[in-house]
$ cat my_file-v2.cif   # mmCIF, C-alpha atoms
data_start
loop_
_atom_site.label_atom_id
_atom_site.label_comp_id
_atom_site.auth_asym_id
_atom_site.auth_seq_id
_atom_site.Cartn_x
_atom_site.Cartn_y
_atom_site.Cartn_z
CA MET R 1 -27.07 12.88 -4.94
CA SER R 2 -27.41 16.44 -6.21
CA PHE R 3 -27.29 17.46 -9.87
CA THR R 4 -23.88 19.11 -9.32
CA GLU R 5 -22.45 15.95 -7.77
CA THR R 6 -23.72 13.90 -10.71
CA ILE R 7 -22.02 16.28 -13.16
CA ILE R 8 -18.73 16.06 -11.22
CA GLU R 9 -18.92 12.27 -11.23
CA GLN R 10 -19.54 12.20 -14.98
CA LYS R 11 -16.71 14.64 -15.69
CA SER R 12 -14.32 12.59 -13.54
CA ILE R 13 -15.12 9.36 -15.39
CA GLN R 14 -14.78 11.14 -18.75
CA PHE R 15 -11.47 12.52 -17.50
CA LEU R 16 -10.21 8.94 -16.96
CA GLN R 17 -11.67 7.60 -20.22
CA LYS R 18 -9.94 10.29 -22.28
CA ALA R 19 -6.61 9.48 -20.64
CA LEU R 20 -7.07 5.77 -21.43
CA HIS R 21 -8.07 6.51 -25.02
CA PHE R 22 -4.99 8.71 -25.41
CA GLY R 23 -2.79 5.91 -24.11
CA ALA R 24 -1.48 7.90 -21.14
CA SER R 25 0.42 6.16 -18.36
CA ASP R 26 -0.32 8.97 -15.89
CA LEU R 27 -2.81 11.78 -15.52
CA HIS R 28 -1.88 15.02 -13.72
CA LEU R 29 -4.15 17.69 -12.24
CA MET R 30 -1.94 20.61 -11.15
CA PRO R 31 -3.21 23.76 -9.42
CA THR R 32 -2.12 27.28 -10.30
CA ALA R 33 -3.35 30.58 -8.85
CA GLU R 34 -6.13 30.81 -11.47
CA ARG R 35 -7.06 27.24 -12.48
CA TYR R 36 -6.11 23.55 -12.65
CA GLU R 37 -3.89 22.47 -15.52
CA ILE R 38 -4.43 18.96 -16.96
CA TYR R 39 -1.54 16.92 -18.30
CA TYR R 40 -1.16 13.41 -19.70
CA ARG R 41 2.11 11.54 -19.41
CA LYS R 42 2.92 9.42 -22.44
CA PHE R 43 6.29 7.95 -23.40
CA GLY R 44 7.81 9.80 -20.44
CA GLN R 45 6.65 13.25 -21.58
CA LEU R 46 4.01 15.56 -20.09
CA ILE R 47 1.46 16.68 -22.68
CA SER R 48 -0.98 19.51 -21.95
CA ALA R 49 -4.62 18.38 -22.12
CA GLY R 50 -6.48 21.54 -21.14
CA HIS R 51 -7.54 23.13 -17.87
CA LEU R 52 -10.40 23.33 -15.37
CA PRO R 53 -11.89 26.07 -13.19
CA LEU R 54 -10.69 25.88 -9.61
CA ASP R 55 -14.06 24.90 -8.13
CA ILE R 56 -14.58 22.07 -10.66
CA GLY R 57 -11.02 20.83 -10.12
CA ASP R 58 -11.46 20.83 -6.33
CA ARG R 59 -14.65 18.81 -6.57
CA MET R 60 -13.17 16.33 -9.04
CA ILE R 61 -10.19 15.74 -6.75
CA SER R 62 -12.56 15.17 -3.81
CA TYR R 63 -14.54 12.65 -5.84
CA LEU R 64 -11.42 10.78 -6.97
CA LYS R 65 -10.15 10.76 -3.37
CA TYR R 66 -13.48 9.32 -2.29
CA LEU R 67 -13.15 6.50 -4.85
CA SER R 68 -9.65 5.83 -3.51
CA SER R 69 -10.82 5.65 0.14
CA LEU R 70 -8.78 8.72 1.07
CA ASP R 71 -9.67 11.39 3.63
CA ILE R 72 -11.55 14.04 1.65
CA SER R 73 -11.36 16.58 4.47
CA GLU R 74 -7.56 16.33 4.77
CA LYS R 75 -5.88 18.67 2.27
CA ARG R 76 -2.68 19.51 4.15
CA LYS R 77 -0.96 16.12 4.02
CA PRO R 78 0.10 13.85 1.14
CA GLN R 79 -2.16 10.85 0.61
CA SER R 80 -2.12 7.81 -1.66
CA GLY R 81 -4.66 5.15 -2.53
CA SER R 82 -6.21 3.29 -5.44
CA PHE R 83 -9.46 2.18 -7.02
CA GLU R 84 -10.60 0.08 -9.97
CA GLN R 85 -13.06 0.71 -12.78
CA GLN R 86 -14.15 -1.30 -15.79
CA PHE R 87 -14.02 0.37 -19.21
CA ASN R 88 -14.85 -1.47 -22.44
CA GLU R 89 -14.76 -4.82 -20.60
CA GLN R 90 -11.23 -4.11 -19.35
CA GLN R 91 -10.46 -3.85 -15.66
CA ILE R 92 -8.30 -0.79 -14.99
CA SER R 93 -6.55 0.06 -11.72
CA PHE R 94 -5.97 3.73 -10.87
CA ARG R 95 -3.26 4.55 -8.32
CA VAL R 96 -3.91 7.98 -6.83
CA SER R 97 -1.44 10.32 -5.16
CA THR R 98 -2.12 13.81 -3.75
CA LEU R 99 0.22 16.56 -2.58
CA PRO R 100 -0.59 19.94 -0.99
CA SER R 101 0.65 22.94 -2.97
CA VAL R 102 1.53 26.55 -2.16
CA PHE R 103 -1.82 27.58 -3.65
CA PHE R 104 -3.63 25.88 -0.74
CA ARG R 105 -4.96 23.31 -3.15
CA GLU R 106 -4.00 19.73 -3.86
CA SER R 107 -2.11 18.40 -6.84
CA LEU R 108 -3.31 14.99 -8.00
CA VAL R 109 -1.56 12.31 -10.07
CA ILE R 110 -3.19 9.08 -11.22
CA ARG R 111 -1.26 6.10 -12.59
CA LEU R 112 -3.34 4.03 -15.05
CA MET R 113 -2.73 0.28 -15.06
CA LEU R 114 -4.49 -2.41 -17.07
CA GLN R 115 -5.07 -5.43 -14.82
CA ASN R 116 -4.28 -9.12 -15.41
CA ARG R 117 -2.48 -8.32 -18.65
CA THR R 118 1.02 -9.37 -19.61
CA LEU R 119 2.93 -9.31 -22.88
CA PRO R 120 5.60 -11.87 -23.86
CA ILE R 121 9.11 -10.61 -23.25
CA SER R 122 9.76 -11.11 -26.98
CA GLU R 123 7.18 -8.39 -27.72
CA LEU R 124 8.53 -6.02 -25.07
CA SER R 125 12.18 -6.24 -26.06
CA LEU R 126 13.66 -4.22 -28.90
CA PHE R 127 16.13 -7.01 -29.66
CA ASP R 128 15.30 -10.71 -29.84
CA HIS R 129 18.66 -11.78 -28.39
CA SER R 130 17.93 -9.83 -25.19
CA ALA R 131 14.56 -11.57 -24.78
CA LYS R 132 16.18 -14.99 -25.22
CA GLN R 133 18.90 -14.16 -22.69
CA LEU R 134 16.32 -13.00 -20.13
CA LEU R 135 14.29 -16.20 -20.52
CA LYS R 136 17.45 -18.26 -20.12
CA LEU R 137 18.25 -16.45 -16.87
CA VAL R 138 14.77 -16.74 -15.42
CA GLU R 139 14.56 -20.47 -16.17
CA GLN R 140 17.39 -21.17 -13.71
CA PRO R 141 16.18 -23.06 -10.60
CA GLN R 142 17.94 -20.84 -8.05
CA GLY R 143 19.42 -17.36 -7.86
CA ILE R 144 18.41 -13.71 -7.87
CA ILE R 145 17.75 -11.38 -10.80
CA PHE R 146 17.71 -7.62 -10.29
CA VAL R 147 15.94 -5.21 -12.66
CA THR R 148 17.01 -1.59 -12.33
CA GLY R 149 16.16 1.68 -14.04
CA PRO R 150 14.37 5.01 -13.50
CA THR R 151 10.71 5.33 -12.57
CA GLY R 152 8.43 4.61 -15.53
CA CYS R 153 10.96 2.61 -17.55
CA GLY R 154 8.84 -0.56 -17.46
CA LYS R 155 10.59 -2.58 -14.73
CA SER R 156 7.34 -3.96 -13.31
CA THR R 157 6.05 -4.81 -16.79
CA THR R 158 9.22 -6.82 -17.42
CA LEU R 159 8.94 -8.65 -14.09
CA TYR R 160 5.29 -9.56 -14.70
CA SER R 161 6.19 -10.84 -18.17
CA LEU R 162 8.95 -13.09 -16.85
CA ILE R 163 6.76 -14.30 -13.98
CA HIS R 164 3.94 -15.11 -16.42
CA HIS R 165 6.39 -17.16 -18.50
CA LEU R 166 7.39 -19.22 -15.45
CA ALA R 167 3.81 -19.74 -14.30
CA THR R 168 2.37 -20.77 -17.66
CA ASN R 169 5.29 -22.65 -19.22
CA HIS R 170 6.97 -24.15 -16.16
CA GLN R 171 4.08 -24.48 -13.66
CA LYS R 172 5.94 -22.70 -10.86
CA HIS R 173 4.34 -21.70 -7.55
CA ILE R 174 5.01 -17.96 -7.46
CA ILE R 175 4.40 -15.50 -4.62
CA SER R 176 4.92 -11.75 -4.96
CA LEU R 177 5.37 -9.11 -2.27
CA GLU R 178 4.57 -5.64 -3.60
CA ASP R 179 3.98 -2.08 -2.39
CA PRO R 180 1.54 -1.47 -3.91
CA VAL R 181 0.23 -4.36 -6.02
CA GLU R 182 0.24 -2.57 -9.39
CA ASN R 183 -1.18 -5.29 -11.60
CA ASN R 184 -3.52 -8.01 -10.36
CA GLN R 185 -2.40 -11.31 -11.87
CA SER R 186 -4.43 -14.51 -11.76
CA HIS R 187 -1.42 -16.84 -12.04
CA LEU R 188 0.40 -15.84 -8.86
CA LEU R 189 -0.28 -15.22 -5.19
CA GLN R 190 0.18 -11.49 -4.55
CA ILE R 191 0.82 -10.06 -1.10
CA GLN R 192 0.37 -6.34 -0.36
CA VAL R 193 2.86 -4.62 1.92
CA ASN R 194 0.92 -3.03 4.78
CA GLU R 195 3.21 -1.34 7.28
CA ARG R 196 0.29 -0.25 9.47
CA ALA R 197 -0.62 -3.91 9.93
CA GLY R 198 3.02 -4.83 10.46
CA VAL R 199 3.48 -6.44 7.04
CA THR R 200 6.76 -4.87 5.94
CA TYR R 201 8.92 -6.23 3.14
CA ALA R 202 11.10 -8.02 5.68
CA VAL R 203 8.19 -9.52 7.65
CA GLY R 204 6.33 -10.49 4.49
CA LEU R 205 9.39 -12.21 3.02
CA LYS R 206 9.88 -14.30 6.15
CA ALA R 207 6.25 -15.42 5.96
CA ILE R 208 6.50 -16.21 2.23
CA LEU R 209 9.48 -18.51 2.79
CA ARG R 210 7.25 -20.70 4.98
CA HIS R 211 4.63 -20.94 2.21
CA SER R 212 6.61 -23.26 -0.08
CA PRO R 213 7.18 -20.98 -3.09
CA ASP R 214 9.27 -21.93 -6.13
CA VAL R 215 9.71 -18.30 -7.18
CA ILE R 216 9.50 -15.09 -5.16
CA MET R 217 8.93 -11.67 -6.71
CA ILE R 218 9.86 -8.71 -4.50
CA GLY R 219 8.55 -5.32 -5.59
CA GLU R 220 11.68 -3.45 -4.53
CA ILE R 221 14.82 -3.88 -2.43
CA ARG R 222 14.68 -0.81 -0.19
CA ASP R 223 16.82 -1.51 2.86
CA ARG R 224 19.46 -3.76 4.43
CA GLU R 225 17.00 -6.14 6.06
CA THR R 226 15.05 -6.79 2.87
CA ALA R 227 18.29 -7.26 0.88
CA GLN R 228 19.61 -9.77 3.40
CA ILE R 229 16.40 -11.81 3.54
CA ALA R 230 16.25 -11.88 -0.27
CA ILE R 231 19.79 -13.28 -0.36
CA GLU R 232 18.89 -15.85 2.32
CA ALA R 233 15.87 -16.90 0.23
CA VAL R 234 18.20 -17.64 -2.69
CA LEU R 235 20.63 -19.58 -0.49
CA THR R 236 17.75 -21.80 0.69
CA GLY R 237 16.96 -22.81 -2.88
CA HIS R 238 14.60 -20.21 -4.37
CA LEU R 239 14.53 -18.10 -7.50
CA VAL R 240 14.01 -14.42 -6.64
CA LEU R 241 13.12 -11.57 -9.01
CA THR R 242 13.15 -8.00 -7.80
CA THR R 243 13.83 -4.35 -8.63
CA ILE R 244 16.34 -1.96 -7.10
CA HIS R 245 17.24 1.67 -7.70
CA SER R 246 20.71 2.20 -9.18
CA LYS R 247 22.28 4.05 -12.08
CA ASP R 248 23.17 0.99 -14.14
CA THR R 249 24.05 -2.70 -13.84
CA ILE R 250 27.49 -2.14 -12.31
CA GLY R 251 26.04 0.49 -9.98
CA CYS R 252 23.57 -2.12 -8.75
CA LEU R 253 26.43 -4.26 -7.43
CA TYR R 254 27.85 -1.32 -5.47
CA ARG R 255 24.36 -0.48 -4.19
CA LEU R 256 24.00 -4.03 -2.84
CA LEU R 257 27.42 -3.82 -1.20
CA ASP R 258 26.28 -0.58 0.48
CA LEU R 259 23.22 -2.47 1.76
CA GLY R 260 25.47 -4.92 3.58
CA VAL R 261 25.49 -7.82 1.11
CA SER R 262 29.01 -9.23 0.92
CA LEU R 263 30.84 -9.78 -2.36
CA GLU R 264 30.93 -13.51 -1.66
CA GLU R 265 27.17 -13.59 -1.15
CA LEU R 266 26.72 -11.78 -4.45
CA LYS R 267 28.93 -14.30 -6.23
CA GLN R 268 26.88 -17.18 -4.83
CA THR R 269 23.43 -15.75 -5.55
CA VAL R 270 23.27 -13.25 -8.43
CA LEU R 271 22.22 -14.70 -11.78
CA GLY R 272 22.01 -11.38 -13.58
CA ILE R 273 21.40 -7.67 -13.34
CA VAL R 274 19.19 -6.01 -15.94
CA ALA R 275 19.14 -2.25 -16.57
CA GLN R 276 16.21 -1.11 -18.68
CA ARG R 277 15.16 1.91 -20.74
CA LEU R 278 12.29 2.61 -23.11
CA VAL R 279 12.85 3.78 -26.68
CA HIS R 280 9.98 5.47 -28.51
CA PHE R 281 9.78 5.61 -32.29
CA PRO R 282 7.46 8.51 -33.24
CA SER R 283 7.18 7.48 -36.89
CA ASN R 284 5.02 4.47 -36.01
CA GLN R 285 4.10 5.26 -32.38
CA ARG R 286 5.92 2.25 -31.00
CA THR R 287 7.81 1.90 -27.74
CA SER R 288 10.16 -0.97 -26.94
CA ALA R 289 12.46 -1.84 -24.06
CA VAL R 290 16.23 -1.98 -24.33
CA PHE R 291 17.98 -4.24 -21.80
CA GLU R 292 21.56 -4.01 -20.59
CA ILE R 293 22.20 -7.47 -19.13
CA LEU R 294 25.12 -8.15 -16.80
CA ALA R 295 25.38 -11.94 -16.55
CA ASP R 296 27.55 -14.99 -17.23
CA SER R 297 31.22 -14.20 -18.01
CA ASN R 298 30.70 -10.42 -17.87
CA LEU R 299 29.25 -10.77 -14.37
CA GLY R 300 32.24 -12.88 -13.34
CA ASP R 301 34.63 -10.26 -14.73
CA ALA R 302 32.76 -7.55 -12.78
CA PHE R 303 33.12 -9.54 -9.54
CA LYS R 304 36.86 -9.97 -10.15
CA ALA R 305 37.33 -6.25 -10.81
CA ILE R 306 35.38 -5.24 -7.70
CA GLY R 307 37.33 -7.75 -5.60
CA LYS R 308 40.58 -6.15 -6.73
CA GLY R 309 39.27 -2.65 -6.19
CA ASN R 310 39.19 -1.88 -9.91
CA SER R 311 36.42 -0.40 -12.06
CA TYR R 312 34.64 -2.46 -14.70
CA GLN R 313 32.92 -1.50 -17.92
CA LEU R 314 30.68 -3.64 -20.09
CA PRO R 315 31.56 -3.94 -23.78
CA ALA R 316 30.11 -0.86 -25.51
CA GLU R 317 27.86 -2.85 -27.84
CA ILE R 318 25.84 -4.35 -24.96
CA THR R 319 25.49 -1.17 -22.89
CA LEU R 320 22.21 0.73 -22.94
CA GLU R 321 23.77 3.59 -24.87
CA GLY R 322 25.29 1.32 -27.51
CA GLN R 323 22.07 -0.65 -28.04
CA ILE R 324 19.83 2.44 -28.13
CA GLU R 325 22.06 4.01 -30.78
CA LYS R 326 21.93 0.79 -32.80
CA GLY R 327 18.15 0.57 -32.46
CA ILE R 328 17.61 4.13 -33.62
CA ASN R 329 20.02 3.83 -36.56
CA PHE R 330 18.61 0.52 -37.78
CA SER R 331 15.03 0.67 -36.52
CA ALA R 332 13.53 -0.10 -39.92
CA ILE R 333 15.45 -3.38 -40.03
CA THR R 334 15.61 -4.52 -36.42
CA LEU R 335 12.13 -3.68 -35.11
CA ASN R 336 9.25 -6.13 -35.09
CA PRO R 337 6.05 -4.18 -35.99
CA LYS R 338 4.17 -5.92 -33.16
CA LYS R 339 6.57 -4.81 -30.47
CA THR R 340 5.19 -2.10 -28.25
CA LEU R 341 5.35 -1.13 -24.60
CA GLY R 342 3.17 1.64 -23.25
CA GLY R 343 3.77 3.76 -20.15
#
$ encode --input "my_file-v2.cif" --output "structure tokens"
Amino acid sequence: MSFTETIIEQKSIQFLQKALHFGASDLHLMPTAERYEIYYRKFGQLISAGHLPLDIGDRMISYLKYLSSLDISEKRKPQSGSFEQQFNEQQISFRVSTLPSVFFRESLVIRLMLQNRTLPISELSLFDHSAKQLLKLVEQPQGIIFVTGPTGCGKSTTLYSLIHHLATNHQKHIISLEDPVENNQSHLLQIQVNERAGVTYAVGLKAILRHSPDVIMIGEIRDRETAQIAIEAVLTGHLVLTTIHSKDTIGCLYRLLDLGVSLEELKQTVLGIVAQRLVHFPSNQRTSAVFEILADSNLGDAFKAIGKGNSYQLPAEITLEGQIEKGINFSAITLNPKKTLGG
């Protein structure tokens, strides 16, 4: 290894260490005509962290692609991969994504994820009553729970927390199907989606059902086939936790109807729908999750309204907007100092 390569390797590792020390959830390396701009993403915001000369940036991207088992010579197509490193006795997973830009250079984004780490839902949630309601839902023997919200709102963190609760307190056999596996967990069997090898969400789910699980975690409902198999898994006696993209809890029901799940199937299988957002409090650098939970009688009322072709609205005090406003106005009273959720 040449002296220059050693320097690039050292700079790349320092690059990652600084992002971890800063508490960033993502690290961006963006090319311009003159240089690479460095940004950290924290609490959903991009924060400038300096810049690099073009030649240094190119070599750092090549090195990080090498660590991620990506094609270093291919700069015209998007690529994604991952690698792991240990810092301060903590195992960190780095998910890498590249995109070609108009400047004939690649843009690189790295998601930073601490492995085999979960926080109790009581520490993640802004309000204790929401945490208790989520635990009550997840302790049901059969049904499906959907978590929805924008990218980076902490959906996966919430799922891992609930799964950890079931594994450690109720001794459940849990199998997850993810694309990609974002957080290696020692208490569950994790399956990686691999479409090249023929392991799609639909194929993987069919195989999991033959492996005697008590609980199934699905990374995301993406298409009709996956939605239908997830519903079938519930009807055969399983508890299923998953994420889905929709605007809010009511929107999730319409999204599922669009994916071919009938209203009757939803009535028989859905335990609850959880929309999630993160609220950051700059005064003490804390971030907590707010949950809008559509379950129990409110879920029944929503089904009735949809069946009649009417719209349905949750009571204002349990919507995301109502709870966020309450949390901001009364943060000094309602917040537990230990509650924090990064990323």
$ resolve_selection --input "my_file-v2.cif" --expression "the PyMOL selection byres ((chain R and resi 42-45) around 8)" --output "PyMOL selection string"
chain R and resi 23-26+40-41+46-47+152+280+287+342-343
$ resolve_selection --input "my_file-v2.cif" --expression "the PyMOL selection byres ((chain R and resi 54) around 7)" --output "list in words"
Glu34, Arg35, Tyr36, Leu52, Pro53, Asp55, Ile56, Gly57 and Asp58 of chain R
$ residues_near_point --input "my_file-v2.cif" --point "(-1.1, -12.4, -13.2)" --cutoff "9 Å" --atoms "only C-alpha atoms" --output "JSON list (two decimals) with C-alpha atoms, in the coordinates of the input"
[["chain", "number", "residue", "atom", "x", "y", "z"],
["R", 115, "GLN", "CA", -5.07, -5.43, -14.82],
["R", 116, "ASN", "CA", -4.28, -9.12, -15.41],
["R", 117, "ARG", "CA", -2.48, -8.32, -18.65],
["R", 118, "THR", "CA", 1.02, -9.37, -19.61],
["R", 160, "TYR", "CA", 5.29, -9.56, -14.70],
["R", 161, "SER", "CA", 6.19, -10.84, -18.17],
["R", 163, "ILE", "CA", 6.76, -14.30, -13.98],
["R", 164, "HIS", "CA", 3.94, -15.11, -16.42],
["R", 167, "ALA", "CA", 3.81, -19.74, -14.30],
["R", 183, "ASN", "CA", -1.18, -5.29, -11.60],
["R", 184, "ASN", "CA", -3.52, -8.01, -10.36],
["R", 185, "GLN", "CA", -2.40, -11.31, -11.87],
["R", 186, "SER", "CA", -4.43, -14.51, -11.76],
["R", 187, "HIS", "CA", -1.42, -16.84, -12.04],
["R", 188, "LEU", "CA", 0.40, -15.84, -8.86],
["R", 189, "LEU", "CA", -0.28, -15.22, -5.19],
["R", 190, "GLN", "CA", 0.18, -11.49, -4.55]]
$ closest_atom_pairs --input "my_file-v2.cif" --of "segment 226-260 of chain R" --to "segment 314-325 of chain R" --cutoff "10 Å" --atoms "only C-alpha atoms" --output "CSV"
residue,atom,partner,partner_atom,distance
R:Asp248,CA,R:Leu320,CA,8.9
R:Thr249,CA,R:Leu314,CA,9.2
R:Ile250,CA,R:Leu314,CA,8.5
$ closest_residue --input "my_file-v2.cif" --among "R:Ile221, R:Ala131, R:Leu239, R:Leu112" --to "Cys252 of chain R" --atoms "all atoms listed in the file"
R:Ile221
$ resolve_selection --input "my_file-v2.cif" --expression "the PyMOL selection byres ((chain R and resi 231) around 9)" --output "PDB file with C-alpha atoms, in the coordinates of the input"
ATOM      1  CA  GLY R 143      19.420 -17.360  -7.860  1.00  0.00           C
ATOM      2  CA  ILE R 144      18.410 -13.710  -7.870  1.00  0.00           C
ATOM      3  CA  THR R 226      15.050  -6.790   2.870  1.00  0.00           C
ATOM      4  CA  ALA R 227      18.290  -7.260   0.880  1.00  0.00           C
ATOM      5  CA  GLN R 228      19.610  -9.770   3.400  1.00  0.00           C
ATOM      6  CA  ILE R 229      16.400 -11.810   3.540  1.00  0.00           C
ATOM      7  CA  ALA R 230      16.250 -11.880  -0.270  1.00  0.00           C
ATOM      8  CA  GLU R 232      18.890 -15.850   2.320  1.00  0.00           C
ATOM      9  CA  ALA R 233      15.870 -16.900   0.230  1.00  0.00           C
ATOM     10  CA  VAL R 234      18.200 -17.640  -2.690  1.00  0.00           C
ATOM     11  CA  LEU R 235      20.630 -19.580  -0.490  1.00  0.00           C
ATOM     12  CA  THR R 236      17.750 -21.800   0.690  1.00  0.00           C
ATOM     13  CA  VAL R 240      14.010 -14.420  -6.640  1.00  0.00           C
ATOM     14  CA  VAL R 261      25.490  -7.820   1.110  1.00  0.00           C
ATOM     15  CA  GLU R 265      27.170 -13.590  -1.150  1.00  0.00           C
ATOM     16  CA  LEU R 266      26.720 -11.780  -4.450  1.00  0.00           C
ATOM     17  CA  THR R 269      23.430 -15.750  -5.550  1.00  0.00           C
ATOM     18  CA  VAL R 270      23.270 -13.250  -8.430  1.00  0.00           C
TER      19      VAL R 270
END
$ closest_residue --input "my_file-v2.cif" --among "R:Ile13, R:Val274, R:Ile92, R:Val215" --to "Met113 of chain R" --atoms "all atoms listed in the file"
R:Ile92
$ build_atoms --input "my_file-v2.cif" --residues "segment 152-169 of chain R" --atoms "N, CA, C and O atoms" --output "mmCIF file, in the coordinates of the input"
data_model
loop_
_atom_site.group_PDB
_atom_site.id
_atom_site.type_symbol
_atom_site.label_atom_id
_atom_site.label_comp_id
_atom_site.auth_asym_id
_atom_site.auth_seq_id
_atom_site.Cartn_x
_atom_site.Cartn_y
_atom_site.Cartn_z
ATOM 1 N N GLY R 152 9.141 4.549 -14.262
ATOM 2 C CA GLY R 152 8.430 4.610 -15.530
ATOM 3 C C GLY R 152 9.129 3.958 -16.698
ATOM 4 O O GLY R 152 8.675 4.088 -17.840
ATOM 5 N N CYS R 153 10.228 3.226 -16.440
ATOM 6 C CA CYS R 153 10.960 2.610 -17.550
ATOM 7 C C CYS R 153 10.434 1.221 -17.878
ATOM 8 O O CYS R 153 10.937 0.571 -18.794
ATOM 9 N N GLY R 154 9.431 0.736 -17.134
ATOM 10 C CA GLY R 154 8.840 -0.560 -17.460
ATOM 11 C C GLY R 154 9.373 -1.729 -16.674
ATOM 12 O O GLY R 154 9.183 -2.881 -17.080
ATOM 13 N N LYS R 155 10.020 -1.480 -15.525
ATOM 14 C CA LYS R 155 10.590 -2.580 -14.730
ATOM 15 C C LYS R 155 9.518 -3.578 -14.297
ATOM 16 O O LYS R 155 9.700 -4.790 -14.427
ATOM 17 N N SER R 156 8.408 -3.064 -13.773
ATOM 18 C CA SER R 156 7.340 -3.960 -13.310
ATOM 19 C C SER R 156 6.743 -4.755 -14.459
ATOM 20 O O SER R 156 6.438 -5.945 -14.317
ATOM 21 N N THR R 157 6.580 -4.115 -15.622
ATOM 22 C CA THR R 157 6.050 -4.810 -16.790
ATOM 23 C C THR R 157 6.959 -5.979 -17.175
ATOM 24 O O THR R 157 6.486 -7.074 -17.499
ATOM 25 N N THR R 158 8.261 -5.757 -17.115
ATOM 26 C CA THR R 158 9.220 -6.820 -17.420
ATOM 27 C C THR R 158 9.116 -7.951 -16.411
ATOM 28 O O THR R 158 9.098 -9.140 -16.781
ATOM 29 N N LEU R 159 9.045 -7.615 -15.123
ATOM 30 C CA LEU R 159 8.940 -8.650 -14.090
ATOM 31 C C LEU R 159 7.678 -9.488 -14.281
ATOM 32 O O LEU R 159 7.719 -10.723 -14.204
ATOM 33 N N TYR R 160 6.542 -8.821 -14.512
ATOM 34 C CA TYR R 160 5.290 -9.560 -14.700
ATOM 35 C C TYR R 160 5.380 -10.479 -15.923
ATOM 36 O O TYR R 160 4.834 -11.586 -15.924
ATOM 37 N N SER R 161 6.044 -10.021 -16.979
ATOM 38 C CA SER R 161 6.190 -10.840 -18.170
ATOM 39 C C SER R 161 7.001 -12.096 -17.888
ATOM 40 O O SER R 161 6.625 -13.207 -18.301
ATOM 41 N N LEU R 162 8.108 -11.940 -17.172
ATOM 42 C CA LEU R 162 8.950 -13.090 -16.850
ATOM 43 C C LEU R 162 8.234 -14.048 -15.893
ATOM 44 O O LEU R 162 8.332 -15.272 -16.039
ATOM 45 N N ILE R 163 7.513 -13.483 -14.924
ATOM 46 C CA ILE R 163 6.760 -14.300 -13.980
ATOM 47 C C ILE R 163 5.674 -15.095 -14.716
ATOM 48 O O ILE R 163 5.446 -16.283 -14.449
ATOM 49 N N HIS R 164 4.987 -14.433 -15.647
ATOM 50 C CA HIS R 164 3.940 -15.110 -16.420
ATOM 51 C C HIS R 164 4.526 -16.275 -17.214
ATOM 52 O O HIS R 164 3.907 -17.352 -17.323
ATOM 53 N N HIS R 165 5.709 -16.097 -17.757
ATOM 54 C CA HIS R 165 6.390 -17.160 -18.500
ATOM 55 C C HIS R 165 6.636 -18.371 -17.593
ATOM 56 O O HIS R 165 6.390 -19.522 -17.984
ATOM 57 N N LEU R 166 7.106 -18.119 -16.374
ATOM 58 C CA LEU R 166 7.390 -19.220 -15.450
ATOM 59 C C LEU R 166 6.113 -19.928 -15.009
ATOM 60 O O LEU R 166 6.083 -21.152 -14.865
ATOM 61 N N ALA R 167 5.064 -19.151 -14.783
ATOM 62 C CA ALA R 167 3.810 -19.740 -14.300
ATOM 63 C C ALA R 167 3.129 -20.582 -15.374
ATOM 64 O O ALA R 167 2.605 -21.665 -15.085
ATOM 65 N N THR R 168 3.119 -20.093 -16.611
ATOM 66 C CA THR R 168 2.370 -20.770 -17.660
ATOM 67 C C THR R 168 3.160 -21.850 -18.383
ATOM 68 O O THR R 168 2.586 -22.840 -18.832
ATOM 69 N N ASN R 169 4.476 -21.685 -18.472
ATOM 70 C CA ASN R 169 5.290 -22.650 -19.220
ATOM 71 C C ASN R 169 6.043 -23.627 -18.335
ATOM 72 O O ASN R 169 6.483 -24.680 -18.808
#
